[in-house]
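Student: This is the content of coords26.txt (compact mmCIF, C-alpha atoms):
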```txt
# COMPACT_ATOMS: atom_id res chain seq x y z
CA MET A 1 119.86 93.77 85.24
CA ILE A 2 117.69 91.10 86.82
CA LYS A 3 114.41 92.03 88.47
CA PRO A 4 114.68 92.90 92.18
CA PHE A 5 114.00 90.13 94.69
CA ILE A 6 111.19 90.96 97.14
CA GLY A 7 111.05 88.90 100.31
CA ILE A 8 107.50 88.21 101.54
CA THR A 9 106.96 86.79 105.01
CA THR A 10 104.54 83.88 105.27
CA GLY A 11 102.03 82.79 107.87
CA GLY A 12 103.14 80.58 110.73
CA ARG A 13 102.78 76.82 110.65
CA SER A 14 99.82 76.92 113.05
CA GLU A 15 97.80 79.60 111.20
CA ASP A 16 94.69 78.27 109.45
CA TYR A 17 95.27 79.49 105.89
CA ILE A 18 94.95 76.01 104.37
CA LYS A 19 93.00 72.86 105.22
CA SER A 20 94.21 69.44 104.13
CA ARG A 21 93.58 65.83 105.10
CA HIS A 22 97.25 65.05 104.50
CA TYR A 23 99.11 67.75 106.48
CA ASP A 24 98.48 69.64 109.71
CA GLU A 25 100.95 72.50 109.32
CA PHE A 26 101.78 74.90 106.49
CA PHE A 27 103.90 77.90 105.64
CA SER A 28 101.73 79.91 103.25
CA VAL A 29 100.79 83.42 102.14
CA PRO A 30 97.64 84.77 100.44
CA ALA A 31 98.18 85.00 96.68
CA PRO A 32 97.33 88.74 96.37
CA TYR A 33 100.63 89.67 98.06
CA VAL A 34 102.57 87.72 95.45
CA ASP A 35 100.39 89.03 92.61
CA ALA A 36 100.93 92.66 93.65
CA ALA A 37 104.70 92.21 93.92
CA ARG A 38 104.80 90.59 90.46
CA ARG A 39 102.66 93.31 88.87
CA ALA A 40 105.14 95.82 90.27
CA GLY A 41 108.00 94.04 88.50
CA GLY A 42 109.51 92.22 91.47
CA VAL A 43 110.40 88.55 91.92
CA PRO A 44 108.71 87.30 95.13
CA LEU A 45 110.69 85.08 97.51
CA LEU A 46 108.67 83.65 100.40
CA ILE A 47 110.26 83.78 103.86
CA PRO A 48 108.77 81.22 106.28
CA PRO A 49 109.06 81.70 110.05
CA GLY A 50 111.93 79.98 111.78
CA GLU A 51 114.71 81.30 109.54
CA ASN A 52 118.01 81.91 111.33
CA GLU A 53 120.37 82.68 108.44
CA TRP A 54 119.39 86.34 108.19
CA GLU A 55 122.71 87.64 106.94
CA GLN A 56 122.75 85.17 104.06
CA LEU A 57 119.07 85.66 103.23
CA LEU A 58 119.05 89.47 103.38
CA SER A 59 122.05 89.61 101.09
CA LEU A 60 119.74 88.22 98.38
CA LEU A 61 116.80 90.58 98.97
CA ASP A 62 116.31 94.03 97.50
CA GLY A 63 113.05 94.75 99.36
CA VAL A 64 110.81 93.14 101.98
CA ILE A 65 107.05 92.88 102.56
CA VAL A 66 105.89 91.85 106.05
CA THR A 67 102.38 90.44 105.72
CA GLY A 68 99.22 90.24 107.80
CA GLY A 69 98.23 87.32 109.99
CA THR A 70 97.41 86.28 113.53
CA ASP A 71 97.92 88.40 116.66
CA ILE A 72 101.30 89.00 118.27
CA ASP A 73 101.67 87.49 121.73
CA PRO A 74 100.89 90.40 124.11
CA ALA A 75 103.85 89.31 126.23
CA GLU A 76 106.05 90.79 123.51
CA TYR A 77 104.83 94.31 124.35
CA GLY A 78 103.76 94.02 127.99
CA GLY A 79 100.08 93.63 127.07
CA ASP A 80 97.19 91.59 128.45
CA ARG A 81 97.75 87.93 127.56
CA TRP A 82 94.39 87.02 129.09
CA ASN A 83 92.24 89.25 126.91
CA PRO A 84 89.66 86.77 125.56
CA HIS A 85 89.66 88.38 122.12
CA VAL A 86 93.37 87.88 121.41
CA LEU A 87 93.85 85.31 118.65
CA PRO A 88 96.26 82.39 119.24
CA ALA A 89 99.80 83.58 118.64
CA ASP A 90 102.44 81.72 116.67
CA ALA A 91 105.59 81.98 118.78
CA GLU A 92 107.87 80.94 115.93
CA ARG A 93 106.46 83.64 113.66
CA ASP A 94 106.61 86.29 116.39
CA HIS A 95 110.27 85.56 117.07
CA SER A 96 111.15 85.36 113.39
CA GLU A 97 109.47 88.62 112.32
CA LEU A 98 110.55 90.62 115.36
CA THR A 99 114.13 89.51 114.71
CA LEU A 100 113.82 90.36 111.01
CA LEU A 101 112.40 93.83 111.63
CA ARG A 102 114.93 94.70 114.31
CA ARG A 103 117.66 93.64 111.89
CA LEU A 104 116.17 95.74 109.08
CA LEU A 105 115.67 98.78 111.34
CA ALA A 106 119.29 98.55 112.49
CA GLU A 107 120.51 98.22 108.89
CA GLY A 108 118.31 101.11 107.73
CA GLU A 109 118.69 100.51 103.98
CA THR A 110 116.38 97.78 102.65
CA PRO A 111 113.02 99.12 101.35
CA LEU A 112 110.27 97.82 103.62
CA LEU A 113 106.47 97.59 103.30
CA CYS A 114 104.63 96.35 106.41
CA ILE A 115 100.94 95.41 106.13
CA CYS A 116 98.38 95.01 108.97
CA ARG A 117 100.09 92.61 111.41
CA GLY A 118 103.30 93.76 109.74
CA LEU A 119 102.69 97.32 110.97
CA GLN A 120 102.04 95.99 114.46
CA VAL A 121 105.20 93.88 114.44
CA LEU A 122 107.17 96.92 113.27
CA ASN A 123 105.82 99.02 116.13
CA VAL A 124 106.53 96.32 118.72
CA ALA A 125 110.00 95.61 117.30
CA ALA A 126 110.81 99.32 117.64
CA GLY A 127 109.55 99.48 121.23
CA GLY A 128 105.85 100.36 120.88
CA THR A 129 102.70 98.70 122.21
CA LEU A 130 99.27 97.63 120.94
CA HIS A 131 95.61 97.74 121.86
CA GLU A 132 94.60 94.08 122.16
CA HIS A 133 91.03 94.60 120.87
CA ILE A 134 89.61 97.76 119.27
CA PRO A 135 86.02 97.20 120.58
CA ASP A 136 87.49 97.46 124.10
CA ILE A 137 88.40 101.11 123.41
CA ARG A 138 85.84 102.20 120.79
CA ALA A 139 82.04 102.04 120.98
CA GLU A 140 81.84 101.20 117.28
CA ASP A 141 84.19 98.96 115.33
CA ILE A 142 84.54 100.39 111.83
CA HIS A 143 87.56 98.25 110.96
CA ARG A 144 85.72 94.99 110.22
CA ASN A 145 82.26 94.08 108.98
CA GLU A 146 79.69 92.27 111.11
CA ALA A 147 81.17 88.89 110.20
CA GLY A 148 84.66 90.04 111.20
CA LEU A 149 85.74 90.23 107.55
CA TRP A 150 86.72 93.03 105.15
CA ALA A 151 85.25 96.49 105.59
CA MET A 152 85.89 99.45 103.30
CA GLN A 153 86.79 102.48 105.39
CA GLU A 154 88.12 105.97 104.84
CA VAL A 155 91.65 106.82 105.93
CA HIS A 156 93.12 110.32 106.11
CA VAL A 157 96.81 110.67 105.19
CA GLU A 158 99.24 113.45 106.13
CA ALA A 159 99.98 115.54 103.02
CA ASP A 160 103.74 115.60 103.66
CA SER A 161 104.06 111.83 104.10
CA LEU A 162 105.78 109.32 101.84
CA ILE A 163 102.43 107.51 101.48
CA ALA A 164 100.77 110.64 100.08
CA GLU A 165 103.66 111.09 97.66
CA VAL A 166 103.48 107.45 96.53
CA MET A 167 99.69 107.12 96.32
CA GLY A 168 98.95 110.65 95.14
CA LEU A 169 96.07 110.99 97.61
CA THR A 170 95.40 112.19 101.15
CA THR A 171 91.98 110.53 101.50
CA LEU A 172 91.84 106.80 100.83
CA ARG A 173 89.23 104.06 100.64
CA THR A 174 90.91 101.05 102.20
CA SER A 175 90.16 97.38 102.72
CA SER A 176 90.33 96.77 106.46
CA GLY A 177 90.03 93.65 108.59
CA HIS A 178 91.94 94.20 111.84
CA HIS A 179 90.79 94.09 115.47
CA GLN A 180 94.03 95.36 117.03
CA ALA A 181 95.79 98.70 116.69
CA VAL A 182 98.82 100.71 117.71
CA LYS A 183 98.64 102.06 121.26
CA ASP A 184 102.00 103.65 122.11
CA VAL A 185 103.92 104.61 118.99
CA ALA A 186 107.55 103.52 119.01
CA ARG A 187 110.20 106.21 119.14
CA ASP A 188 111.51 107.17 115.70
CA LEU A 189 108.24 106.16 114.00
CA ARG A 190 105.79 108.79 112.76
CA VAL A 191 102.00 108.50 112.51
CA VAL A 192 101.03 109.51 108.98
CA ALA A 193 97.45 108.26 108.63
CA SER A 194 94.39 107.74 110.82
CA ALA A 195 90.84 106.46 110.54
CA ALA A 196 87.75 108.50 111.43
CA ASP A 197 87.77 107.06 114.96
CA GLY A 198 91.37 108.09 115.57
CA ILE A 199 92.86 104.62 115.19
CA ILE A 200 96.36 104.79 113.70
CA GLU A 201 96.38 103.54 110.12
CA ALA A 202 99.94 104.12 108.92
CA LEU A 203 103.47 104.64 110.22
CA GLU A 204 106.70 105.76 108.60
CA LYS A 205 110.28 106.18 109.78
CA PRO A 206 111.48 109.56 108.52
CA ALA A 207 115.15 108.63 108.89
CA HIS A 208 114.72 105.55 106.68
CA PRO A 209 115.11 105.84 102.87
CA TRP A 210 111.85 103.92 102.22
CA LEU A 211 109.73 102.44 104.99
CA ILE A 212 105.92 102.39 104.88
CA ALA A 213 103.64 100.51 107.28
CA VAL A 214 99.87 100.42 106.74
CA GLN A 215 97.17 98.94 108.95
CA TRP A 216 94.86 98.20 106.02
CA HIS A 217 95.31 95.55 103.29
CA PRO A 218 96.37 97.17 99.99
CA GLU A 219 96.92 93.78 98.36
CA VAL A 220 93.18 93.03 98.52
CA THR A 221 92.21 95.84 96.12
CA ALA A 222 95.52 96.48 94.35
CA ALA A 223 94.49 94.64 91.17
CA ARG A 224 91.68 97.15 90.57
CA ASP A 225 92.84 100.20 92.52
CA PRO A 226 95.98 101.84 91.09
CA SER A 227 96.49 103.89 94.26
CA GLN A 228 96.85 100.71 96.34
CA GLN A 229 99.03 99.00 93.73
CA ALA A 230 101.21 102.12 93.84
CA LEU A 231 102.54 101.03 97.25
CA PHE A 232 103.96 97.85 95.72
CA ASP A 233 105.13 99.66 92.59
CA ALA A 234 107.05 102.22 94.64
CA LEU A 235 108.57 99.51 96.84
CA VAL A 236 109.89 97.71 93.77
CA VAL A 237 111.22 100.94 92.24
CA LYS A 238 113.17 101.60 95.44
CA ALA A 239 114.25 97.95 95.58
CA ARG A 240 115.64 98.27 92.06
CA GLU A 241 117.65 101.32 93.17
CA ARG A 242 118.91 99.34 96.17
CA GLN A 243 119.88 96.51 93.84
CA ARG A 244 121.92 98.87 91.63
CA GLU A 245 123.67 100.38 94.66
CA ARG A 246 124.70 96.95 95.91
CA VAL A 247 126.01 95.92 92.48
CA ILE A 248 128.10 99.10 92.26
CA SER A 249 129.47 98.69 95.78
```
Can I see the file as structure tokens?
Tutor:
Amino acid sequence: MIKPFIGITTGGRSEDYIKSRHYDEFFSVPAPYVDAARRAGGVPLLIPPGENEWEQLLSLLDGVIVTGGTDIDPAEYGGDRWNPHVLPADAERDHSELTLLRRLLAEGETPLLCICRGLQVLNVAAGGTLHEHIPDIRAEDIHRNEAGLWAMQEVHVEADSLIAEVMGLTTLRTSSGHHQAVKDVARDLRVVASAADGIIEALEKPAHPWLIAVQWHPEVTAARDPSQQALFDALVVKARERQRERVIS
């Protein structure tokens, strides 16, 4: 049987992942996402924003990774659009990923791993809200370093969660770089991990066969941390099962 196809969402055309004198807009994704999916035994297929042929595309995919990126427009969850710390949104990406996640939640079968912004999009797609800027609600920001880049922080995981089963741990050292966080948790989603300051770090949907959403960036350390790579490994294992089920049916 062929390796399972893992869809990976890309950044929006206005996000500054790449600089070039020849082009102004790009659809791109950081290489560690692709590397982690390949190490797990999956075949990555990049999904740029703006796709409308979801039925045709999802029929090809055995699993999906929704990646990190810029902030969601607060208008999507009734938030404060005028907060000066909100990063410029990409309307095309917001629409695309919200549509994708609502479709996947309704289907309830495709294995799904949501990372950082991906967790936030999941929560908004399911009816939840976000804090626009963590320093507005916490005296100390432990989720980024002083330059606004990666910080290693401890995350505590519920022992009966899918994440704990997959990673084999209930205390994690995670690579973090976010300034927003879940505020109101969407109905049907369960909080399964938190940081020391109480910020929500992971969500699951108990009724779903395999759905994990993490606020940290496992792809950053997955090449050297087997517990973080385990998230991608388990996604691909479940995607392979999904592939077999679809072949049989």
Student: CA of Leu101 (chain A) and CA of Leu119 (chain A) are how many Å apart?
Tutor: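 Spanning CA of Leu101 (chain A) to CA of Leu119 (chain A) is a straight-line distance of 10.3 Å.
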Student: Quick one: residues within 12 Å of Asp71 (chain A), only C-alpha atoms counted, chain neighbours fewer than 6 positions away excluded, as number ranges by chain?
Tutor: A: 11-12, 15, 77, 79, 81, 83, 85-91, 93-94, 116-121, 124, 130-133, 178-181
Student: CA of Ser161 (chain A) and CA of Pro209 (chain A), how far apart in Å?
Tutor: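 Computing the Euclidean distance for CA of Pro209 (chain A) and CA of Ser161 (chain A) yields 12.6 Å.
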Student: In Å, with one decimal, what is the gap from CA of Val192 (chain A) to CA of Ile115 (chain A)?
Tutor: 14.4 Å
Student: Determine the nearest neighbour of Thr171 (chain A) from the options A:Trp54, A:Ser227, A:Gly148, A:Ala213, counting all atoms listed in the file.
Tutor: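 Once distances to Thr171 (chain A) are computed over all atoms listed in the file, the minimum belongs to A:Ser227.
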Student: Draw an axis-aligned box tight on the listed atoms of region 202-207 of chain A, then pad every side by 6 Å and write out centre and edge lengths in Å to one decimal as JSON.
Tutor:
```
{"center_x": 107.5, "center_y": 106.8, "center_z": 109.4, "size_x": 27.2, "size_y": 17.4, "size_z": 13.7}
```
Student: Could you tell me which of A:Ile72, A:Arg173, A:Leu162, A:Asp141 comes closest to Asp225 (chain A) if we count only C-alpha atoms?
Tutor: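 Ranked by minimum distance to Asp225 (chain A), first place goes to A:Arg173.
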Student: Find the spatial neighbours of Gly108 (chain A), counting all atoms listed in the file, within a cut-off of 10 Å - ignore same-chain residues fewer than 4 positions away - and output them as a list in words.
Tutor: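 Near neighbours after the sequence-gap exclusion: Arg102, Arg103, Leu104, Leu112, Lys205, Ala207, His208, Pro209, Trp210 and Leu211 of chain A.
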Student: Of the residues A:Pro111, A:Pro218, A:Gly50, A:Pro226, which is the one nearest to Pro4 (chain A), using only C-alpha atoms?
Tutor: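 Comparing A:Pro111, A:Pro218, A:Gly50, A:Pro226 against Pro4 (chain A), the winner is A:Pro111.
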Student: I need the residue nearest Ser14 (chain A) from this list: A:Asp136, A:Asp73, A:Glu245, A:Glu92. Use all atoms listed in the file for the distance.
Tutor: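 The shortest atom-to-atom distance to Ser14 (chain A) comes from A:Glu92.
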Student: With only C-alpha atoms as the counted atoms, please give the residues lying no more than 7 Å from Ile212 (chain A), apart from itself and same-chain residues fewer than 6 positions off, as a list in words.
Tutor: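 Answer for this query is Leu112, Leu113, Cys114, Leu203 and Glu204 of chain A.
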Student: As a PyMOL selection string, please: the residues near His143 (chain A) (cut-off 9 Å, all atoms listed in the file, same-chain neighbours under 3 positions excluded).
Tutor: chain A and resi 134+148-153+175-179+195+216
Student: List as an mmCIF file with C-alpha atoms, in the coordinates of the input: which residues have an atom within 10 Å of (91.8, 92.5, 97.5), counting only C-alpha atoms?
Tutor:
```
data_model
loop_
_atom_site.group_PDB
_atom_site.id
_atom_site.type_symbol
_atom_site.label_atom_id
_atom_site.label_comp_id
_atom_site.auth_asym_id
_atom_site.auth_seq_id
_atom_site.Cartn_x
_atom_site.Cartn_y
_atom_site.Cartn_z
ATOM 1 C CA ALA A 31 98.180 85.000 96.680
ATOM 2 C CA PRO A 32 97.330 88.740 96.370
ATOM 3 C CA TYR A 33 100.630 89.670 98.060
ATOM 4 C CA ALA A 36 100.930 92.660 93.650
ATOM 5 C CA TRP A 150 86.720 93.030 105.150
ATOM 6 C CA THR A 174 90.910 101.050 102.200
ATOM 7 C CA SER A 175 90.160 97.380 102.720
ATOM 8 C CA HIS A 217 95.310 95.550 103.290
ATOM 9 C CA PRO A 218 96.370 97.170 99.990
ATOM 10 C CA GLU A 219 96.920 93.780 98.360
ATOM 11 C CA VAL A 220 93.180 93.030 98.520
ATOM 12 C CA THR A 221 92.210 95.840 96.120
ATOM 13 C CA ALA A 222 95.520 96.480 94.350
ATOM 14 C CA ALA A 223 94.490 94.640 91.170
ATOM 15 C CA ARG A 224 91.680 97.150 90.570
ATOM 16 C CA ASP A 225 92.840 100.200 92.520
ATOM 17 C CA GLN A 228 96.850 100.710 96.340
#
```
Student: With a distance cut-off of 7 Å and all atoms listed in the file, select the neighbouring residues of Leu172 (chain A), excluding the residue or stretch itself and same-chain residues fewer than 6 positions from it, and output the selection as a VMD selection string.
Tutor: chain A and resid 154 to 156
Student: Counting only C-alpha atoms, select every polymer residue within 12 Å of (125.2, 99.3, 96.3) as defined in the file's coordinates, and provide the selection as a list in words.
Tutor: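 I get Ser59, Asp62, Glu109, Thr110, Ala239, Arg240, Glu241, Arg242, Gln243, Arg244, Glu245, Arg246, Val247, Ile248 and Ser249 of chain A for the residues within 12 Å of that point.
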Student: Given the choices A:Glu53, A:Asp188, A:Asp197, A:Asp35, which gets closest to Ala126 (chain A) if the distance is worked out from only C-alpha atoms?
Tutor: A:Asp188
Student: Tell me which of A:Leu231, A:Val34, A:Ala147, A:Leu61 sits closest to Glu165 (chain A), counting only C-alpha atoms.
Tutor: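 Closest to Glu165 (chain A), using only C-alpha atoms: A:Leu231.
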